[in-house]
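A short worksheet on the structure shown next.
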Amino acid sequence: MNKYEKYTQDQLEELFSNYLMDSWSYSKVSSFARNEKAFEMNYIYNQKSKHSSTSIAGSAYHEALRYFFSNLYEGEVSDIIDCEKQAFEYIDERPAFVWKIQKITPTVEECVKKAYQITSSLIKNFFTEQDTYLSELKEVLAIEKYIDVWLIINGVEIPLPCHMQIDLVIKTIDEKVVVIDHKSKTSFTDEKESVLVIGKQAITYALGYEKSTGTKVDEVWFVENKNSKNKDGSPQLKPIKITLDKNTRRLYEASLYEPLKRMIEAVSNPDYVYMINDYDNLTDLAEIYTFWAKTMIAEVDEFDIKDSKKDMIAKRLKKIRNAEIAGIDPKVIASFRKNAAKFITYDFNNKDMTKSEKIEHLLMTFGIHVQVAHEFKGYSSDTLLLEVGVGTKISTVMARKMDIANALDVASVRISDKLFVYRNKSYVSVEISKKRDQNLFYDEKYLSGMKIPIGIDNFGNVVVWDLENQSTPHVLICGATGSGKSVSLISTISYAKKAGIKNIIIFDPKYEFASLGLQDVEIYSDINDIETMMEMIVEDMNNRVKHGFMQKTLIIFDEFADAVANAKKGNELKIYQDQVVGSYASGLPKMKRVHVDTKNSLEENLRILLQKGRSVGFRVVSATQRASVKVITGDAKVNFPVQICFRVPKEIDSKVVLDESGGESLSGNGDGLIKSPEYLDIVRFQGFYKK
């Protein structure tokens with residue numbers, strides 16, 4: 001057993017404080033051995049390289065095989081179409097800024113197209129030659145198994161845990177346990193060379209799986225799938241099989257330990273100088289040299305570094321400047337960085353240009369003439385208003401949305417399908433997500449009468465929900481975990497109380513509000529209590545309608561979809577009574593339970609309240625994480641004229657809520673979109689944060 005496994009949490013924190021990273025993996029070791037500066041960039045400073053179409057296609061192929069073998073494990077057979085759907089969905093979900101633009105793929109659209117082609121070829125090869133896997137397969141033991149273990153390599157206790165994700169583990173017909181790694185290739189690896197090199201990766205996987213499960217690994221296979229067709233008609237799948245007997249284990253552990261030891265020593269020394277390998281064909285040298293120049297002049301906050309490592313990196317940057325560039329004019333370094341960046345093809349992120357200049361230049365390369373006329377800075381996004389040249393079709397700007405995002409190095413941008421009018425002139429509005437550097441705190445100054453503040457848009461306007469407006473009685477809110485949905489509900493409740501709403505009822509099936517200590521509100525979490533209270537509210541509503549009584553009542557229904565799913569249905573709603581149906585010979589009455597009526601379901605009561613309650617003062621906010629058409633049906637949306645969407649996982653989720661995309665590109669933590677009769681178009685806003 002590795003002694004570090006026995007460490008307490010405090011001891012581990014002390015241990016990790018001595019290293020520039022908190023774990024190791026085979027990919028980190030191989031990166032360090034090949035090019036130390038690339039390792040430093042990717043794993044110390046977390047400045048990730050962009051991915052080529054071929055690389056992303058390889059990951060999509062892995063996703064297809066994960067789906068195939070997961071179904072096989074469940075006893076189901078997958079066809080090629082289903083696997084392609086899984087792979088293509090993976091490609092579609094890659095944000096614009098991760099794609100590496102190259103000469104043969106000069107736009108994101110071309111990158112995606114090429115990735116589709118390569119992925120389709122890889123999957124067809126697999127289905128044609130799947131016996132490479134299946135002919136010896138007896139049982140699937142694990143699929144995409146994530147492992148986090150402390151290992152002993154070559155007899156030495158490694159002071160950092162090892163992280164790995166194993167593609168597939170099987171038991172063969174002859175009872176061997178085999179770890180399998182899927183590899184997509186443009187050309188096959190020489191087998192003699194691969195056995196020596198890949199052995200280090202094989203032993204890492206084997207030791208990790210054995211430590212995690214207690215099961216001995218007999219072999220490790222690396223199954224290469226070559227995407228381009230072999231002219232001689234030979235197989236496209238080539239398995240390289242590593243047998244792990246006693247002697248090969250010793251050899252591979254020893255060969256792994258040398259680069260691993262050097263890497264561990266390097267990351268434990270904040271003064272270590274990581275060398276650039278100028279002959280590394282797998283790394284973009286211009287990118288590496290640009291990064292090197294950046295470390296000379298940039299501050300720690302310009303890198304995406306974990307908080308626990310920022311102090312160490314800050315000290316390292318300071319020492320670099322003191323030791324390596326003492327006496328060198330910073331202008332010289334900046335000039336070097338600029339010159340190095342010239343060799344990074346099509347990567348606007350490394351060019352010394354503003355956002356406006358990048359957009360204008362990018363679109364010019366496609367023959368689209370625009371000028372950024374106005375720029376507005378918001379909390380979670382910035383808005384740029386584009387003045388489109390005469391004779392230029394607006395649709396051509398819309399079609400380049402992914403390329404704009406790639407040029408700005410963001411996941412995606414939102415371009416409204418309607419023109420934005422500012423100072424009596426029309427513009428194309430482009431919204432760019434960004435890392436928020438300040439919070440928008442709850443403040444009573446934003447409240448005006450019964451207009452409940454929801455947030456602030458990028459133009460500084462307060463976005464409101466008007467409780468007095470009969471056309472905006474109810475609100476639907478959707479957002480994934482961490483999107484800001486719950487925080488928005490809390491600020492809405494607080495503003496409503498300040499506006500004079502005395503009667504506030506919260507349905508909280510996930511028990512999130514009970515611990516907040518909210519005063520003067522009724523909270524119901526148990527599903528039976530929720531159903532009973534909803535029946536009483538509908539009865540109260542009917543009495544108000546009958547007697548012409550009106551009073552403002554705010555109902556917050558959090559996670560209503562879960563409540564509806566768990567509520568009584570069918571026979572559970574039937575009402576029975578004991579009735580006399582005759583008499584016995586003794587003269588005693590003969591009784592029978594008779595179905596006399598059926599209660600409304602929770603969903604039906606909510607629908608009735610939404611439709612009739614607006615006229616007598618009921619205002620309802622319903623929130624959910626699940627943006628599916630089964631939850632948010634067309635009929636349901638009719639009853640919610642105000643629709644708010646915080647960040648959702650997919651474009652289709654945004655379309656379910658708002659009838660258009662955009663919600664998938666939000667940055668979370670209160671970055672939202674609102675669709676309301678009070679606004680001509682969908683408005684992007686930052687929600688309030690209440691401590």
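Every chain in the structure tokens takes a letter, A first, then B, and so on in the order presented; its residues are numbered from 1, and the ligands are numbered from 1 following the presented order.
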
Next item on the list: Quick one: everything within 10 Å of Cys645 in chain A, counting only C-alpha atoms, minus sequence neighbours fewer than 2 positions away in the same chain. Send it as a ChimeraX atom specification.
Entry: /A:476-480,483-485,623,627,643,647-648,653-658,662-664,666,670-675,684

Contact residues around Tyr209 in chain A with only C-alpha atoms at 9 Å, ignoring same-chain residues under 4 positions, as a PDB file with C-alpha atoms, in the first residue's frame:
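Below you can see around_19.pdb, which holds the result:
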```pdb
ATOM      1  CA  LYS A 145     -13.876   3.441 -16.083  1.00  0.00           C
ATOM      2  CA  ILE A 147      -9.800   5.583 -11.733  1.00  0.00           C
ATOM      3  CA  VAL A 149      -5.521   5.710  -7.111  1.00  0.00           C
ATOM      4  CA  ILE A 166      -9.857   3.240 -19.210  1.00  0.00           C
ATOM      5  CA  VAL A 179      -7.701  -3.688 -20.788  1.00  0.00           C
ATOM      6  CA  THR A 204      -0.040   2.422 -16.056  1.00  0.00           C
ATOM      7  CA  TYR A 205      -3.513   1.189 -17.033  1.00  0.00           C
ATOM      8  CA  THR A 213     -10.593  -3.443  -8.462  1.00  0.00           C
ATOM      9  CA  GLY A 214      -8.238  -6.074  -7.067  1.00  0.00           C
ATOM     10  CA  THR A 215      -8.430  -7.941 -10.397  1.00  0.00           C
ATOM     11  CA  LYS A 216      -5.195  -8.939 -12.152  1.00  0.00           C
ATOM     12  CA  VAL A 217      -4.752  -7.725 -15.743  1.00  0.00           C
TER      13      VAL A 217
END
```

Checklist line | DSSP-assigned strand (DSSP E or B) among range 216-433 of chain A, expressed as a PyMOL selection string | finding: chain A and resi 219-226+237-243+370-377+381-388+413-415+420-422+425-433

With N, CA and C atoms retained, export the selected residues as a short mmCIF file (atom, residue, chain, number, x, y, z; two decimals), in the first residue's frame.
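Result written to part.cif:
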```cif
data_model
loop_
_atom_site.label_atom_id
_atom_site.label_comp_id
_atom_site.auth_asym_id
_atom_site.auth_seq_id
_atom_site.Cartn_x
_atom_site.Cartn_y
_atom_site.Cartn_z
N GLU A 219 -3.52 -8.81 -20.12
CA GLU A 219 -3.06 -8.18 -21.35
C GLU A 219 -3.65 -6.78 -21.47
N VAL A 220 -2.97 -5.94 -22.24
CA VAL A 220 -3.50 -4.63 -22.63
C VAL A 220 -3.46 -4.56 -24.15
N TRP A 221 -4.61 -4.24 -24.76
CA TRP A 221 -4.68 -4.11 -26.22
C TRP A 221 -4.85 -2.65 -26.59
N PHE A 222 -4.13 -2.24 -27.60
CA PHE A 222 -4.33 -0.93 -28.21
C PHE A 222 -4.85 -1.19 -29.62
N VAL A 223 -6.13 -0.95 -29.83
CA VAL A 223 -6.75 -1.26 -31.12
C VAL A 223 -6.80 0.01 -31.96
N GLU A 224 -5.93 0.06 -32.97
CA GLU A 224 -5.84 1.23 -33.83
C GLU A 224 -6.84 1.12 -34.97
N ASN A 225 -7.55 2.21 -35.23
CA ASN A 225 -8.51 2.29 -36.33
C ASN A 225 -8.02 3.38 -37.28
N LYS A 226 -7.63 2.99 -38.47
CA LYS A 226 -7.08 3.94 -39.45
C LYS A 226 -8.21 4.48 -40.31
N LEU A 237 -8.61 -2.05 -38.82
CA LEU A 237 -8.39 -2.15 -37.37
C LEU A 237 -7.17 -3.04 -37.11
N LYS A 238 -6.26 -2.51 -36.32
CA LYS A 238 -5.03 -3.24 -36.03
C LYS A 238 -4.81 -3.30 -34.52
N PRO A 239 -4.95 -4.48 -33.91
CA PRO A 239 -4.72 -4.59 -32.47
C PRO A 239 -3.24 -4.80 -32.15
N ILE A 240 -2.72 -4.03 -31.20
CA ILE A 240 -1.38 -4.23 -30.68
C ILE A 240 -1.56 -4.79 -29.27
N LYS A 241 -1.15 -6.03 -29.07
CA LYS A 241 -1.44 -6.73 -27.81
C LYS A 241 -0.17 -6.82 -26.96
N ILE A 242 -0.28 -6.28 -25.73
CA ILE A 242 0.83 -6.31 -24.77
C ILE A 242 0.52 -7.35 -23.70
N THR A 243 1.33 -8.41 -23.65
CA THR A 243 1.17 -9.43 -22.62
C THR A 243 1.97 -9.03 -21.38
N VAL A 370 -18.75 44.82 -42.15
CA VAL A 370 -19.45 45.34 -40.99
C VAL A 370 -18.53 46.28 -40.22
N GLN A 371 -19.15 47.09 -39.38
CA GLN A 371 -18.39 47.94 -38.46
C GLN A 371 -19.05 47.85 -37.10
N VAL A 372 -18.24 47.63 -36.06
CA VAL A 372 -18.78 47.61 -34.71
C VAL A 372 -19.00 49.06 -34.29
N ALA A 373 -20.28 49.46 -34.25
CA ALA A 373 -20.61 50.86 -33.99
C ALA A 373 -20.67 51.17 -32.50
N HIS A 374 -21.09 50.19 -31.68
CA HIS A 374 -21.23 50.43 -30.25
C HIS A 374 -20.85 49.17 -29.49
N GLU A 375 -20.27 49.34 -28.31
CA GLU A 375 -19.93 48.22 -27.45
C GLU A 375 -20.40 48.52 -26.03
N PHE A 376 -21.15 47.58 -25.45
CA PHE A 376 -21.69 47.75 -24.10
C PHE A 376 -21.19 46.60 -23.23
N LYS A 377 -20.67 46.93 -22.07
CA LYS A 377 -20.11 45.93 -21.17
C LYS A 377 -21.13 45.58 -20.08
N SER A 381 -21.74 39.20 -19.85
CA SER A 381 -21.58 39.25 -21.29
C SER A 381 -21.43 40.69 -21.75
N ASP A 382 -20.87 40.86 -22.92
CA ASP A 382 -20.79 42.17 -23.56
C ASP A 382 -21.65 42.14 -24.82
N THR A 383 -22.20 43.29 -25.18
CA THR A 383 -23.02 43.40 -26.39
C THR A 383 -22.34 44.32 -27.38
N LEU A 384 -22.15 43.83 -28.59
CA LEU A 384 -21.59 44.64 -29.67
C LEU A 384 -22.67 44.86 -30.72
N LEU A 385 -22.85 46.09 -31.14
CA LEU A 385 -23.84 46.41 -32.17
C LEU A 385 -23.11 46.60 -33.49
N LEU A 386 -23.45 45.75 -34.47
CA LEU A 386 -22.77 45.76 -35.76
C LEU A 386 -23.59 46.53 -36.79
N GLU A 387 -22.93 47.49 -37.42
CA GLU A 387 -23.55 48.21 -38.53
C GLU A 387 -23.14 47.49 -39.81
N VAL A 388 -24.12 46.97 -40.51
CA VAL A 388 -23.87 46.13 -41.69
C VAL A 388 -23.82 46.99 -42.94
N VAL A 413 -21.43 32.58 -29.31
CA VAL A 413 -21.98 33.92 -29.19
C VAL A 413 -23.47 33.83 -29.53
N ARG A 414 -24.22 34.80 -29.04
CA ARG A 414 -25.65 34.85 -29.36
C ARG A 414 -25.91 36.03 -30.26
N ILE A 415 -26.49 35.75 -31.42
CA ILE A 415 -26.87 36.81 -32.36
C ILE A 415 -28.39 36.75 -32.50
N PHE A 420 -31.62 45.09 -33.67
CA PHE A 420 -31.72 45.85 -32.43
C PHE A 420 -31.69 47.34 -32.79
N VAL A 421 -32.69 48.07 -32.30
CA VAL A 421 -32.78 49.50 -32.60
C VAL A 421 -32.17 50.29 -31.45
N TYR A 422 -31.16 51.09 -31.77
CA TYR A 422 -30.49 51.91 -30.76
C TYR A 422 -30.32 53.32 -31.34
N LYS A 425 -31.61 53.72 -34.92
CA LYS A 425 -30.89 53.06 -36.00
C LYS A 425 -30.81 51.57 -35.71
N SER A 426 -30.92 50.76 -36.76
CA SER A 426 -30.94 49.31 -36.60
C SER A 426 -29.53 48.71 -36.68
N TYR A 427 -29.28 47.73 -35.82
CA TYR A 427 -27.98 47.06 -35.80
C TYR A 427 -28.19 45.55 -35.60
N VAL A 428 -27.17 44.79 -35.97
CA VAL A 428 -27.12 43.38 -35.60
C VAL A 428 -26.47 43.31 -34.23
N SER A 429 -27.15 42.67 -33.29
CA SER A 429 -26.67 42.59 -31.91
C SER A 429 -25.93 41.27 -31.69
N VAL A 430 -24.68 41.37 -31.23
CA VAL A 430 -23.86 40.19 -30.93
C VAL A 430 -23.54 40.20 -29.44
N GLU A 431 -23.92 39.14 -28.74
CA GLU A 431 -23.66 39.03 -27.30
C GLU A 431 -22.54 38.02 -27.06
N ILE A 432 -21.55 38.44 -26.30
CA ILE A 432 -20.35 37.63 -26.08
C ILE A 432 -20.22 37.32 -24.59
N SER A 433 -20.28 36.05 -24.24
CA SER A 433 -20.12 35.66 -22.84
C SER A 433 -18.70 35.95 -22.37
#
```

Contacts of Lys592 in chain A at 12 Å (only C-alpha atoms; same-chain gap of 6+ positions) as an mmCIF file with N, CA and C atoms, in the first residue's frame:
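Output (around-v5.cif):
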```cif
data_model
loop_
_atom_site.group_PDB
_atom_site.id
_atom_site.type_symbol
_atom_site.label_atom_id
_atom_site.label_comp_id
_atom_site.auth_asym_id
_atom_site.auth_seq_id
_atom_site.Cartn_x
_atom_site.Cartn_y
_atom_site.Cartn_z
ATOM 1 N N TYR A 576 -64.005 7.399 -2.789
ATOM 2 C CA TYR A 576 -64.986 6.343 -2.535
ATOM 3 C C TYR A 576 -65.804 6.683 -1.289
ATOM 4 N N GLN A 577 -67.065 6.194 -1.267
ATOM 5 C CA GLN A 577 -67.932 6.331 -0.092
ATOM 6 C C GLN A 577 -68.611 4.990 0.191
ATOM 7 N N ASP A 578 -68.896 4.774 1.476
ATOM 8 C CA ASP A 578 -69.667 3.581 1.850
ATOM 9 C C ASP A 578 -71.147 3.872 1.637
ATOM 10 N N GLN A 579 -71.820 3.033 0.860
ATOM 11 C CA GLN A 579 -73.247 3.220 0.583
ATOM 12 C C GLN A 579 -74.013 1.929 0.875
ATOM 13 N N VAL A 580 -75.286 2.120 1.285
ATOM 14 C CA VAL A 580 -76.161 0.971 1.561
ATOM 15 C C VAL A 580 -76.675 0.427 0.237
ATOM 16 N N VAL A 581 -76.420 -0.839 -0.001
ATOM 17 C CA VAL A 581 -76.861 -1.457 -1.259
ATOM 18 C C VAL A 581 -77.862 -2.596 -1.009
ATOM 19 N N GLY A 582 -78.340 -2.731 0.223
ATOM 20 C CA GLY A 582 -79.291 -3.791 0.568
ATOM 21 C C GLY A 582 -79.216 -4.065 2.057
ATOM 22 N N SER A 583 -79.709 -5.236 2.452
ATOM 23 C CA SER A 583 -79.648 -5.597 3.874
ATOM 24 C C SER A 583 -79.462 -7.093 4.003
#
```

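For the set A:Lys358, A:Lys28, A:Arg626, A:Tyr43, the residue with the smallest atom-to-atom gap to Leu256 in chain A is A:Lys28, counting only C-alpha atoms.
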